[in-house]
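As stored in target23.tsv (TSV, C-alpha atoms):
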chain	number	residue	atom	x	y	z
U	26	MET	CA	90.98	-106.74	-29.81
U	27	THR	CA	88.67	-106.66	-32.82
U	28	GLU	CA	86.13	-103.88	-33.14
U	29	ARG	CA	82.54	-105.11	-33.24
U	30	THR	CA	80.42	-103.75	-36.08
U	31	ILE	CA	77.14	-102.44	-34.74
U	32	GLN	CA	74.27	-103.24	-37.07
U	33	SER	CA	71.59	-101.51	-35.02
U	34	SER	CA	71.31	-99.81	-31.65
U	35	TRP	CA	67.80	-101.14	-31.02
U	36	MET	CA	65.58	-104.11	-31.69
U	37	ARG	CA	61.81	-104.21	-31.71
U	38	LEU	CA	59.53	-107.16	-30.99
U	39	TRP	CA	56.00	-107.49	-32.32
U	40	PHE	CA	53.07	-108.88	-30.36
U	41	GLN	CA	53.31	-112.01	-32.50
U	42	ASP	CA	56.92	-112.36	-31.39
U	43	MET	CA	55.93	-112.12	-27.74
U	44	ASP	CA	53.30	-114.82	-28.24
U	45	CYS	CA	55.95	-117.02	-29.83
U	46	LEU	CA	58.38	-116.45	-26.95
U	47	GLU	CA	55.75	-117.27	-24.34
U	48	SER	CA	55.51	-120.79	-25.75
U	49	LEU	CA	59.17	-121.44	-24.82
U	50	ASN	CA	60.63	-122.46	-21.50
U	51	ASP	CA	62.76	-119.95	-19.60
U	52	VAL	CA	66.08	-121.25	-20.92
U	53	ASP	CA	65.06	-121.22	-24.60
U	54	HIS	CA	63.39	-117.86	-24.07
U	55	ARG	CA	66.67	-116.29	-22.93
U	56	ARG	CA	68.62	-118.03	-25.70
U	57	VAL	CA	66.34	-116.68	-28.42
U	58	ILE	CA	66.43	-113.12	-27.05
U	59	HIS	CA	70.24	-113.28	-26.82
U	60	ALA	CA	70.52	-114.65	-30.37
U	61	LEU	CA	68.27	-111.90	-31.73
U	62	ARG	CA	70.31	-109.26	-29.95
U	63	VAL	CA	73.54	-110.64	-31.41
U	64	LEU	CA	71.93	-110.61	-34.84
U	65	ALA	CA	70.82	-107.00	-34.45
U	66	GLU	CA	74.17	-105.77	-33.10
U	67	THR	CA	76.64	-107.75	-35.20
U	68	GLY	CA	74.69	-109.44	-37.99
U	69	GLU	CA	75.99	-112.84	-36.81
U	70	GLU	CA	73.82	-115.95	-36.56
U	71	THR	CA	73.66	-118.00	-33.35
U	72	PRO	CA	73.13	-121.77	-33.67
U	73	LEU	CA	70.00	-122.96	-31.86
U	74	GLU	CA	68.03	-126.18	-31.80
U	75	GLY	CA	64.47	-127.40	-31.52
U	76	ALA	CA	61.71	-124.98	-30.51
U	77	ALA	CA	64.23	-122.21	-29.88
U	78	ARG	CA	65.47	-122.45	-33.47
U	79	MET	CA	61.90	-122.30	-34.85
U	80	ALA	CA	61.09	-119.24	-32.76
U	81	TYR	CA	64.35	-117.58	-33.76
U	82	ASN	CA	63.73	-118.16	-37.48
U	83	PHE	CA	60.23	-116.73	-37.10
U	84	MET	CA	61.51	-113.44	-35.68
U	85	ALA	CA	64.93	-113.09	-37.31
U	86	ASN	CA	63.68	-111.92	-40.72
U	87	ARG	CA	62.02	-108.86	-39.21
U	88	VAL	CA	65.14	-108.07	-37.20
U	89	ARG	CA	67.23	-108.23	-40.39
U	90	GLN	CA	64.82	-105.90	-42.19
U	91	ASP	CA	64.93	-103.42	-39.30
U	92	CYS	CA	68.74	-103.52	-39.25
U	93	GLU	CA	68.93	-102.94	-42.98
U	94	ALA	CA	66.60	-99.94	-42.71
U	95	TYR	CA	68.62	-98.59	-39.77
U	96	LEU	CA	71.93	-98.87	-41.68
U	97	LYS	CA	70.44	-97.10	-44.71
U	98	THR	CA	69.26	-94.26	-42.49
U	99	CYS	CA	72.69	-93.94	-40.88
U	100	GLU	CA	74.40	-93.92	-44.27
U	101	ARG	CA	72.01	-91.29	-45.59
U	102	ASN	CA	72.64	-89.09	-42.55
U	103	ARG	CA	76.42	-89.43	-42.99
U	104	GLU	CA	76.20	-88.43	-46.65
U	105	ASN	CA	74.01	-85.44	-45.78
U	106	GLY	CA	76.49	-84.42	-43.09
U	107	LYS	CA	79.38	-84.56	-45.53
U	108	LYS	CA	77.51	-82.45	-48.08
U	109	ARG	CA	76.64	-79.85	-45.47
U	110	LYS	CA	80.16	-79.76	-44.14
U	111	ALA	CA	81.58	-79.32	-47.63
U	112	SER	CA	79.21	-76.43	-48.34
U	113	GLY	CA	80.02	-74.78	-45.00
U	114	THR	CA	76.44	-74.86	-43.72
U	115	GLN	CA	75.02	-76.43	-40.62
U	116	TRP	CA	73.59	-79.91	-41.08
U	117	GLU	CA	69.83	-80.02	-41.35
U	118	PRO	CA	67.32	-82.25	-43.16
U	119	VAL	CA	67.56	-81.67	-46.89
U	120	ASP	CA	64.12	-82.85	-47.91
U	121	ALA	CA	61.51	-80.41	-49.16
U	122	THR	CA	59.65	-80.32	-45.86
U	123	GLY	CA	62.82	-79.62	-43.89
U	124	ALA	CA	63.79	-76.79	-46.22
U	125	GLU	CA	60.34	-75.27	-45.87
U	126	VAL	CA	60.52	-75.45	-42.08
U	127	ARG	CA	63.93	-73.75	-42.07
U	128	SER	CA	62.68	-70.93	-44.28
U	129	LYS	CA	59.72	-70.37	-42.01
U	130	LYS	CA	61.96	-70.26	-38.95
U	131	GLN	CA	64.26	-67.78	-40.66
U	132	GLU	CA	61.30	-65.59	-41.60
U	133	VAL	CA	60.03	-65.66	-38.01
U	134	ARG	CA	63.45	-64.73	-36.65
U	135	SER	CA	63.73	-61.92	-39.18
U	136	GLU	CA	60.32	-60.56	-38.32
U	137	ASN	CA	61.06	-60.75	-34.60
U	138	ASN	CA	64.32	-58.87	-35.05
U	139	ASN	CA	62.78	-56.12	-37.17
U	140	SER	CA	59.52	-55.67	-35.29
U	141	SER	CA	59.18	-53.04	-32.62
U	142	PRO	CA	57.74	-53.79	-29.16
U	143	PRO	CA	53.93	-53.70	-29.12
U	144	SER	CA	52.32	-50.63	-27.67
U	145	GLU	CA	50.32	-50.75	-24.45
U	146	SER	CA	47.05	-50.23	-26.33
U	147	LYS	CA	47.74	-53.27	-28.53
U	148	LYS	CA	48.59	-55.39	-25.51
U	149	LEU	CA	45.25	-54.55	-23.90
U	150	ASP	CA	43.20	-55.15	-27.06
U	151	LYS	CA	43.92	-58.87	-27.36
U	152	LYS	CA	40.62	-59.73	-29.05
U	153	PRO	CA	39.97	-57.86	-32.31
U	154	LYS	CA	36.48	-56.64	-33.02
U	155	ASN	CA	36.15	-58.90	-36.06
U	156	ASN	CA	36.55	-61.95	-33.79
U	157	ILE	CA	33.72	-60.67	-31.62
U	158	GLU	CA	31.55	-60.25	-34.71
U	159	MET	CA	32.33	-63.79	-35.82
U	160	GLU	CA	31.41	-65.14	-32.39
U	161	ASN	CA	28.10	-63.29	-32.59
U	162	ARG	CA	27.44	-64.72	-36.03
U	163	PHE	CA	28.17	-68.23	-34.81
U	164	ASP	CA	25.79	-67.72	-31.87
U	165	GLU	CA	23.06	-66.76	-34.31
U	166	PHE	CA	23.83	-69.78	-36.46
U	167	TRP	CA	23.76	-72.13	-33.46
U	168	ARG	CA	20.51	-70.60	-32.23
U	169	ASP	CA	18.73	-71.25	-35.54
U	170	TYR	CA	20.25	-74.61	-36.49
U	171	PRO	CA	17.89	-77.38	-35.37
U	172	ARG	CA	20.44	-80.08	-34.55
U	173	LYS	CA	22.38	-79.12	-31.42
U	174	GLN	CA	25.28	-81.59	-31.53
U	175	ALA	CA	29.09	-81.25	-31.49
U	176	LYS	CA	29.09	-77.52	-30.86
U	177	GLN	CA	32.88	-77.27	-30.58
U	178	GLU	CA	33.34	-78.99	-33.95
U	179	ALA	CA	30.69	-76.76	-35.47
U	180	HIS	CA	32.43	-73.69	-34.06
U	181	LYS	CA	35.73	-74.80	-35.60
U	182	ALA	CA	34.09	-75.41	-38.98
U	183	PHE	CA	32.31	-72.04	-38.82
U	184	MET	CA	35.44	-70.07	-38.02
U	185	ALA	CA	37.53	-71.67	-40.78
U	186	PRO	CA	35.89	-69.83	-43.72
U	187	SER	CA	34.93	-66.81	-41.54
U	188	PRO	CA	31.71	-66.06	-43.48
U	189	ASP	CA	31.10	-62.40	-44.23
U	190	GLU	CA	27.84	-60.62	-43.54
U	191	VAL	CA	26.28	-61.58	-46.87
U	192	THR	CA	27.21	-65.26	-46.58
U	193	HIS	CA	26.05	-65.34	-42.97
U	194	ALA	CA	22.65	-63.98	-43.99
U	195	ARG	CA	22.41	-66.62	-46.72
U	196	MET	CA	23.24	-69.33	-44.17
U	197	LEU	CA	20.50	-68.24	-41.80
U	198	GLU	CA	17.98	-67.94	-44.63
U	199	ALA	CA	18.92	-71.42	-45.90
U	200	ILE	CA	18.47	-72.88	-42.41
U	201	ARG	CA	14.96	-71.40	-42.15
U	202	ARG	CA	14.10	-72.63	-45.64
U	203	GLN	CA	15.45	-76.14	-45.08
U	204	LYS	CA	13.74	-76.44	-41.69
U	205	ALA	CA	10.45	-75.85	-43.50
U	206	GLY	CA	11.24	-78.51	-46.09
U	207	GLU	CA	10.14	-82.14	-46.08
U	208	GLN	CA	13.57	-83.69	-45.52
U	209	TRP	CA	14.31	-82.02	-42.20
U	210	LYS	CA	10.97	-83.01	-40.70
U	211	ASP	CA	12.68	-86.28	-39.77
U	212	PRO	CA	15.53	-85.32	-37.34
U	213	GLN	CA	17.73	-88.19	-38.52
U	214	PHE	CA	18.08	-86.55	-41.93
U	215	ILE	CA	19.32	-83.25	-40.50
U	216	PRO	CA	23.12	-83.10	-40.99
U	217	HIS	CA	25.45	-82.36	-38.11
U	218	PRO	CA	26.09	-78.60	-38.04
U	219	ALA	CA	29.81	-79.00	-38.83
U	220	THR	CA	28.96	-81.23	-41.81
U	221	TRP	CA	26.41	-78.70	-43.02
U	222	ILE	CA	28.97	-75.88	-42.83
U	223	ARG	CA	31.85	-77.75	-44.47
U	224	GLY	CA	29.57	-78.89	-47.28
U	225	LYS	CA	28.30	-75.32	-47.86
U	226	ARG	CA	24.80	-76.69	-47.65
U	227	TRP	CA	23.33	-73.20	-47.64
U	228	GLU	CA	23.97	-73.29	-51.40
U	229	ASP	CA	21.67	-76.33	-51.82
U	230	GLU	CA	18.46	-75.91	-53.73
U	231	THR	CA	15.52	-76.86	-51.52
U	232	ALA	CA	13.66	-79.75	-53.07
U	233	SER	CA	9.92	-79.41	-53.38
U	234	SER	CA	7.68	-81.63	-51.26
U	235	PRO	CA	6.51	-85.03	-52.62
U	236	SER	CA	2.94	-83.74	-52.87
U	237	ALA	CA	4.06	-80.74	-54.90
U	238	GLN	CA	6.15	-82.97	-57.15
U	239	PHE	CA	3.12	-85.21	-57.68
U	240	GLN	CA	0.91	-82.26	-58.58
U	241	ASN	CA	3.49	-81.02	-61.07
U	242	LEU	CA	3.77	-84.47	-62.65
U	243	LYS	CA	-0.03	-84.79	-62.76
U	244	GLY	CA	-0.33	-81.48	-64.54
U	245	MET	CA	2.28	-82.52	-67.11
U	246	VAL	CA	0.39	-85.76	-67.83
U	247	MET	CA	-2.91	-83.91	-68.27
U	248	LEU	CA	-1.31	-81.60	-70.78
How does this structure look as structure tokens?
Amino acid sequence: MTERTIQSSWMRLWFQDMDCLESLNDVDHRRVIHALRVLAETGEETPLEGAARMAYNFMANRVRQDCEAYLKTCERNRENGKKRKASGTQWEPVDATGAEVRSKKQEVRSENNNSSPPSESKKLDKKPKNNIEMENRFDEFWRDYPRKQAKQEAHKAFMAPSPDEVTHARMLEAIRRQKAGEQWKDPQFIPHPATWIRGKRWEDETASSPSAQFQNLKGMVML
């Protein structure tokens, strides 16, 4: 009994493949699926004729590419396993991301082992005071900002930089200044609050009104 070489343990079909199969009769449909499965599992070609052969040729190239990618992955995993076994360590992904994840897990385990159980007072105080202050600052921001849309997204954007008291005051002052400007008189030109926060728009210089710009230009011409 000869051992069959498995090329792949799975086979995927695209929507285009399904459309192609639907054009066949039931017999040719089954023949094509069987031939593709044989190709995926053994790498062997199955002779077909007519419409079945055309459909098979259309889908077979993708099956071959998937099998080749699958075999490369298996070979890479075997090589990694051998290297780990030779070094006496447990097999894990050896890419940079995998190594970083392992180090983080080890740090967490180390911290958990060395840390003492939290006191009762710490268990009760689940929400630090600074979080309460940040929530209050966001409420003030939301109260003053003229465009009340996507509050959850705005809250997320606001909490990311966690503005201090000085920055928060600058934000509120910028909102009042920009609300009085010409651009924000048309609501469609007011940015979404999250966009305004992420773009640090409180640092923008407020442009003067068109009438003021005209007066300045007029004065320059007269000089």
From the list U:Trp209, U:Phe83, U:Trp227, U:Phe214, the nearest residue to His193 (chain U) using all atoms listed in the file is U:Trp227
Check the smallest atom-to-atom distance from each of U:Ala219, U:Ala94, U:Ala60, U:Ile157 to Glu178 (chain U) using only C-alpha atoms, then report the winner.
-> U:Ala219
CA of Asn86 (chain U) to CA of Arg37 (chain U), distance in Å rounded to a single decimal |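 Here the two named atoms are 12.0 Å from each other.
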Å distance separating CA of Phe163 (chain U) from CA of Glu207 (chain U), one decimal place |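 We find that CA of Phe163 (chain U) and CA of Glu207 (chain U) lie 25.4 Å from each other.
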Please provide as a tab-separated table (two decimals) with C-alpha atoms, in the frame of the given file all residues within 10 Å of Arg162 (chain U), with the sequence filter that same-chain residues fewer than 6 positions apart are discarded (counting all atoms listed in the file).
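In the end it all went to part_1.tsv:
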chain	number	residue	atom	x	y	z
U	156	ASN	CA	36.55	-61.95	-33.79
U	168	ARG	CA	20.51	-70.60	-32.23
U	183	PHE	CA	32.31	-72.04	-38.82
U	184	MET	CA	35.44	-70.07	-38.02
U	187	SER	CA	34.93	-66.81	-41.54
U	188	PRO	CA	31.71	-66.06	-43.48
U	189	ASP	CA	31.10	-62.40	-44.23
U	190	GLU	CA	27.84	-60.62	-43.54
U	193	HIS	CA	26.05	-65.34	-42.97
U	194	ALA	CA	22.65	-63.98	-43.99
U	197	LEU	CA	20.50	-68.24	-41.80
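Atom to atom, CA of Pro171 (chain U) and CA of Pro212 (chain U) stand 8.5 Å apart.
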I'd like the box whose edges run along x, y and z of the file and which contains every listed atom of region 156-164 of chain U, padded by 6 Å per side; could you state its centre and edge lengths in Å, one decimal, as AutoDock Vina command-line options?
--center_x 31.2 --center_y -64.2 --center_z -33.8 --size_x 22.8 --size_y 20.0 --size_z 16.4
The residue from U:Gln174, U:Asn82, U:Gln208, U:Gln41 with the smallest atom-to-atom distance to Thr220 (chain U), counting only C-alpha atoms, is U:Gln174
